Amino acid sequence: MPGKIIIVASLNKNKIKAVNEVFYSYQVTGVTCKSGVSEQPTSLDEIIKGAITRARSVFRDCEYSVGIEDGISRVPETISGYMNFCCCAIFDGTRIYLGLGPAFEYPAECTQRVADEGITISEAFIPLTDKPDIGYEEGIIGWLTHGKISRTEYTKHAVEMAKVQIDNKSLYSPCSY
C-alpha cells in the first residue's frame with residue numbers, strides 16, 4: 001500500500017486545505033463523491049453517516065481517506081433549536097476515526113428556511129451574503145465571524161479531533177460494550 005497519500009472525498013478547497021494542514025507531510029488530493037445523505041443533513045446521525053460514507057467510498061491507493069460533512073442538528077436551549085456541526089471521518093482501509101469540530105448556531109431565520117423549504121444553509125444565506133458559493137469561499141462561519149474564523153480553520157478542528165485517535169492508536173482499541 002502506498003504511504004503518505006490521503007484522498008479527501010471532496011473538491012472543496014477548504015476541506016482539502018484543512019486536511020493538508022493537519023497531515024502536512026502527506027500528499028493530499030480531493031476527489032468528488034456522493035455522501036449518501038441529503039444535501040443538507042439535519043441530524044448528527046446523518047452528518048456522521050455522510051462523513052463515513054464519503055471516507056469509505058474514496059479509499060483506494062492511499063494510506064487514509066477523509067470524509068468531511070457539515071450539517072445542522074437539534075440542540076436544546078438554542079434560539080433556532082439547531083447548531084451546525086462538522087464531522088471528519090478518516091478511514092485507513094479497516095477502521096474509521098471520527099472527530100467533531102466546534103458547533104455554532106446560524107441565525108434562526110436561516111435555519112427556519114432550511115427546515116421549512118428543504119434548502120441548504122448556503123441557499124438560505126444568499127439573501128444575506130449575495131454569495132451562492134459561500135461554502136467554497138470563506139464559509140458562513142467566515143462571514144459570521146467577519147473573517148476571524150475561516151471555513152478551513154473551522155474544518156481543521158474536526159480533522160485534528162479525528163487524528164487524535166490515529167496519533168494514539170494504542171489508547172483507542174475498539175470496545176465491545
# chains A, B, ... in the order shown; residues from 1 in each chain; ligands from 1

$ closest_atom_pairs --of "range 94-119 of chain A" --to "range 135-150 of chain A" --cutoff "10 Å" --atoms "only C-alpha atoms" --output "JSON lines"
{"residue": "A:Phe104", "atom": "CA", "partner": "A:Ile141", "partner_atom": "CA", "distance": 8.4}
{"residue": "A:Glu105", "atom": "CA", "partner": "A:Ile141", "partner_atom": "CA", "distance": 9.7}
{"residue": "A:Tyr106", "atom": "CA", "partner": "A:Leu144", "partner_atom": "CA", "distance": 8.6}
{"residue": "A:Pro107", "atom": "CA", "partner": "A:Leu144", "partner_atom": "CA", "distance": 9.6}

$ select_by_dssp --residues "range 45-172 of chain A" --states "strand (DSSP E or B)" --output "ChimeraX atom specification"
/A:64-74,82-91,96-100,104

$ write_last_selection --atoms "C-alpha atoms" --output "tab-separated table (two decimals), in the first residue's frame"
chain	number	residue	atom	x	y	z
A	64	TYR	CA	-6.01	7.33	4.54
A	65	SER	CA	-9.18	8.67	3.00
A	66	VAL	CA	-11.09	11.50	4.60
A	67	GLY	CA	-14.78	12.37	4.54
A	68	ILE	CA	-15.98	15.70	5.92
A	69	GLU	CA	-19.65	16.51	6.36
A	70	ASP	CA	-21.31	19.60	7.78
A	71	GLY	CA	-24.93	19.85	8.80
A	72	ILE	CA	-27.33	21.01	11.45
A	73	SER	CA	-28.59	19.02	14.38
A	74	ARG	CA	-31.07	19.75	17.16
A	82	TYR	CA	-30.20	23.72	15.91
A	83	MET	CA	-26.45	24.11	15.67
A	84	ASN	CA	-24.03	23.41	12.84
A	85	PHE	CA	-21.59	20.53	13.32
A	86	CYS	CA	-18.63	19.46	11.21
A	87	CYS	CA	-17.67	15.78	11.28
A	88	CYS	CA	-14.46	14.31	9.95
A	89	ALA	CA	-14.16	10.58	9.27
A	90	ILE	CA	-10.70	9.22	8.50
A	91	PHE	CA	-10.56	5.69	7.05
A	96	ILE	CA	-12.91	4.75	10.94
A	97	TYR	CA	-11.60	7.53	13.17
A	98	LEU	CA	-14.18	10.24	13.94
A	99	GLY	CA	-13.81	13.82	15.07
A	100	LEU	CA	-16.23	16.69	15.51
A	104	PHE	CA	-22.22	27.13	16.27

$ residues_around --residues "Phe125 in chain A" --least-positions-apart "5" --cutoff "9 Å" --atoms "only C-alpha atoms" --output "list in words"
Cys110, Thr120, Asp130, Lys131, Pro132, Ile134 and Ile140 of chain A

$ atom_distance --atom1 "CA of Ser35 in chain A" --atom2 "CA of Thr53 in chain A"
5.8 Å

$ closest_residue --among "A:Asp167, A:Glu117, A:Asp133, A:Glu77" --to "Asn12 in chain A" --atoms "only C-alpha atoms"
A:Asp133

$ select_by_dssp --residues "range 5-155 of chain A" --states "alpha helix (DSSP H)" --output "PyMOL selection string"
chain A and resi 13-22+44-57+108-117+121-129+139-144+151-155

$ write_last_selection --atoms "C-alpha atoms" --output "PDB file, in the first residue's frame"
ATOM      1  CA  LYS A  13     -10.623  23.662  -1.420  1.00  0.00           C
ATOM      2  CA  ASN A  14     -11.379  24.470   2.233  1.00  0.00           C
ATOM      3  CA  LYS A  15     -11.730  20.809   3.146  1.00  0.00           C
ATOM      4  CA  ILE A  16      -8.640  19.797   1.175  1.00  0.00           C
ATOM      5  CA  LYS A  17      -6.589  22.612   2.725  1.00  0.00           C
ATOM      6  CA  ALA A  18      -7.752  21.697   6.255  1.00  0.00           C
ATOM      7  CA  VAL A  19      -6.643  18.078   5.769  1.00  0.00           C
ATOM      8  CA  ASN A  20      -3.375  19.211   4.188  1.00  0.00           C
ATOM      9  CA  GLU A  21      -2.622  21.491   7.153  1.00  0.00           C
ATOM     10  CA  VAL A  22      -3.200  18.670   9.647  1.00  0.00           C
ATOM     11  CA  LEU A  44     -25.918  14.393  13.983  1.00  0.00           C
ATOM     12  CA  ASP A  45     -26.526  10.816  12.841  1.00  0.00           C
ATOM     13  CA  GLU A  46     -26.885  11.980   9.235  1.00  0.00           C
ATOM     14  CA  ILE A  47     -23.792  14.206   9.460  1.00  0.00           C
ATOM     15  CA  ILE A  48     -21.675  11.328  10.786  1.00  0.00           C
ATOM     16  CA  LYS A  49     -23.089   8.860   8.250  1.00  0.00           C
ATOM     17  CA  GLY A  50     -22.266  11.285   5.420  1.00  0.00           C
ATOM     18  CA  ALA A  51     -18.668  11.701   6.579  1.00  0.00           C
ATOM     19  CA  ILE A  52     -18.178   7.940   6.942  1.00  0.00           C
ATOM     20  CA  THR A  53     -19.781   7.170   3.572  1.00  0.00           C
ATOM     21  CA  ARG A  54     -17.548   9.738   1.887  1.00  0.00           C
ATOM     22  CA  ALA A  55     -14.364   8.393   3.508  1.00  0.00           C
ATOM     23  CA  ARG A  56     -15.120   4.746   2.726  1.00  0.00           C
ATOM     24  CA  SER A  57     -16.203   5.416  -0.861  1.00  0.00           C
ATOM     25  CA  ALA A 108     -32.905  31.457  13.369  1.00  0.00           C
ATOM     26  CA  GLU A 109     -34.477  32.772  10.150  1.00  0.00           C
ATOM     27  CA  CYS A 110     -31.879  30.912   8.048  1.00  0.00           C
ATOM     28  CA  THR A 111     -32.304  27.671   9.969  1.00  0.00           C
ATOM     29  CA  GLN A 112     -36.089  28.016   9.695  1.00  0.00           C
ATOM     30  CA  ARG A 113     -35.830  28.296   5.899  1.00  0.00           C
ATOM     31  CA  VAL A 114     -33.804  25.080   5.810  1.00  0.00           C
ATOM     32  CA  ALA A 115     -36.461  23.304   7.878  1.00  0.00           C
ATOM     33  CA  ASP A 116     -39.475  24.770   6.051  1.00  0.00           C
ATOM     34  CA  GLU A 117     -38.233  24.923   2.457  1.00  0.00           C
ATOM     35  CA  ILE A 121     -27.970  26.532   4.652  1.00  0.00           C
ATOM     36  CA  SER A 122     -25.841  28.157   1.915  1.00  0.00           C
ATOM     37  CA  GLU A 123     -29.001  28.803  -0.096  1.00  0.00           C
ATOM     38  CA  ALA A 124     -30.693  30.235   2.996  1.00  0.00           C
ATOM     39  CA  PHE A 125     -27.818  32.704   3.387  1.00  0.00           C
ATOM     40  CA  ILE A 126     -27.865  34.039  -0.193  1.00  0.00           C
ATOM     41  CA  PRO A 127     -30.206  36.949   0.700  1.00  0.00           C
ATOM     42  CA  LEU A 128     -27.789  37.977   3.476  1.00  0.00           C
ATOM     43  CA  THR A 129     -24.452  37.387   1.728  1.00  0.00           C
ATOM     44  CA  GLY A 139     -17.748  29.768   4.501  1.00  0.00           C
ATOM     45  CA  ILE A 140     -20.685  31.004   6.509  1.00  0.00           C
ATOM     46  CA  ILE A 141     -18.525  30.814   9.625  1.00  0.00           C
ATOM     47  CA  GLY A 142     -16.070  33.210   7.951  1.00  0.00           C
ATOM     48  CA  TRP A 143     -18.891  35.575   7.085  1.00  0.00           C
ATOM     49  CA  LEU A 144     -20.467  35.390  10.561  1.00  0.00           C
ATOM     50  CA  ARG A 151     -14.088  27.642   6.777  1.00  0.00           C
ATOM     51  CA  THR A 152     -10.665  25.997   6.534  1.00  0.00           C
ATOM     52  CA  GLU A 153      -9.869  26.739  10.196  1.00  0.00           C
ATOM     53  CA  TYR A 154     -13.299  25.585  11.334  1.00  0.00           C
ATOM     54  CA  THR A 155     -12.967  22.310   9.383  1.00  0.00           C
TER      55      THR A 155
END

$ closest_residue --among "A:Val58, A:Val164, A:Leu171, A:Val37" --to "Val8 in chain A" --atoms "only C-alpha atoms"
A:Val58

$ atom_distance --atom1 "CA of Lys4 in chain A" --atom2 "CA of Met161 in chain A"
19.5 Å

$ atom_distance --atom1 "CA of Gly30 in chain A" --atom2 "CA of Ser170 in chain A"
29.2 Å

$ decode --residues "range 26-48 of chain A" --atoms "N, CA and C atoms" --output "short mmCIF file (atom, residue, chain, number, x, y, z; two decimals), in the first residue's frame"
data_model
loop_
_atom_site.label_atom_id
_atom_site.label_comp_id
_atom_site.auth_asym_id
_atom_site.auth_seq_id
_atom_site.Cartn_x
_atom_site.Cartn_y
_atom_site.Cartn_z
N TYR A 26 1.90 14.64 4.09
CA TYR A 26 1.24 13.76 3.13
C TYR A 26 0.94 14.49 1.84
N GLN A 27 0.79 13.72 0.79
CA GLN A 27 0.26 14.26 -0.47
C GLN A 27 -1.26 14.16 -0.36
N VAL A 28 -1.95 15.29 -0.39
CA VAL A 28 -3.40 15.33 -0.20
C VAL A 28 -4.06 15.74 -1.51
N THR A 29 -5.03 14.96 -1.92
CA THR A 29 -5.76 15.26 -3.15
C THR A 29 -7.26 15.07 -2.91
N GLY A 30 -8.05 15.82 -3.63
CA GLY A 30 -9.51 15.72 -3.49
C GLY A 30 -10.14 15.06 -4.70
N VAL A 31 -11.20 14.32 -4.43
CA VAL A 31 -12.00 13.70 -5.49
C VAL A 31 -13.47 13.90 -5.17
N THR A 32 -14.27 13.92 -6.19
CA THR A 32 -15.71 14.10 -5.98
C THR A 32 -16.34 12.78 -5.58
N CYS A 33 -17.38 12.86 -4.78
CA CYS A 33 -18.13 11.66 -4.41
C CYS A 33 -19.46 12.07 -3.79
N LYS A 34 -20.34 11.13 -3.65
CA LYS A 34 -21.64 11.34 -3.01
C LYS A 34 -21.53 11.01 -1.54
N SER A 35 -22.35 11.70 -0.75
CA SER A 35 -22.30 11.49 0.70
C SER A 35 -23.23 10.37 1.17
N GLY A 36 -24.22 10.04 0.35
CA GLY A 36 -25.18 9.03 0.78
C GLY A 36 -26.23 9.57 1.73
N VAL A 37 -26.19 10.88 1.99
CA VAL A 37 -27.19 11.51 2.85
C VAL A 37 -27.76 12.71 2.09
N SER A 38 -28.73 13.38 2.67
CA SER A 38 -29.33 14.52 2.00
C SER A 38 -28.31 15.64 1.81
N GLU A 39 -28.56 16.51 0.85
CA GLU A 39 -27.64 17.61 0.57
C GLU A 39 -27.44 18.49 1.80
N GLN A 40 -28.49 18.62 2.62
CA GLN A 40 -28.39 19.38 3.86
C GLN A 40 -28.74 18.45 5.02
N PRO A 41 -27.74 17.79 5.61
CA PRO A 41 -28.02 16.92 6.76
C PRO A 41 -28.65 17.72 7.91
N THR A 42 -29.62 17.10 8.57
CA THR A 42 -30.33 17.78 9.65
C THR A 42 -30.34 16.98 10.97
N SER A 43 -29.36 16.12 11.12
CA SER A 43 -29.19 15.41 12.40
C SER A 43 -27.73 15.00 12.53
N LEU A 44 -27.29 14.82 13.76
CA LEU A 44 -25.92 14.39 13.98
C LEU A 44 -25.68 13.02 13.37
N ASP A 45 -26.66 12.14 13.46
CA ASP A 45 -26.53 10.82 12.84
C ASP A 45 -26.27 10.94 11.34
N GLU A 46 -27.03 11.80 10.68
CA GLU A 46 -26.89 11.98 9.24
C GLU A 46 -25.54 12.62 8.88
N ILE A 47 -25.09 13.56 9.68
CA ILE A 47 -23.79 14.21 9.46
C ILE A 47 -22.68 13.17 9.55
N ILE A 48 -22.70 12.35 10.59
CA ILE A 48 -21.67 11.33 10.79
C ILE A 48 -21.74 10.29 9.68
#
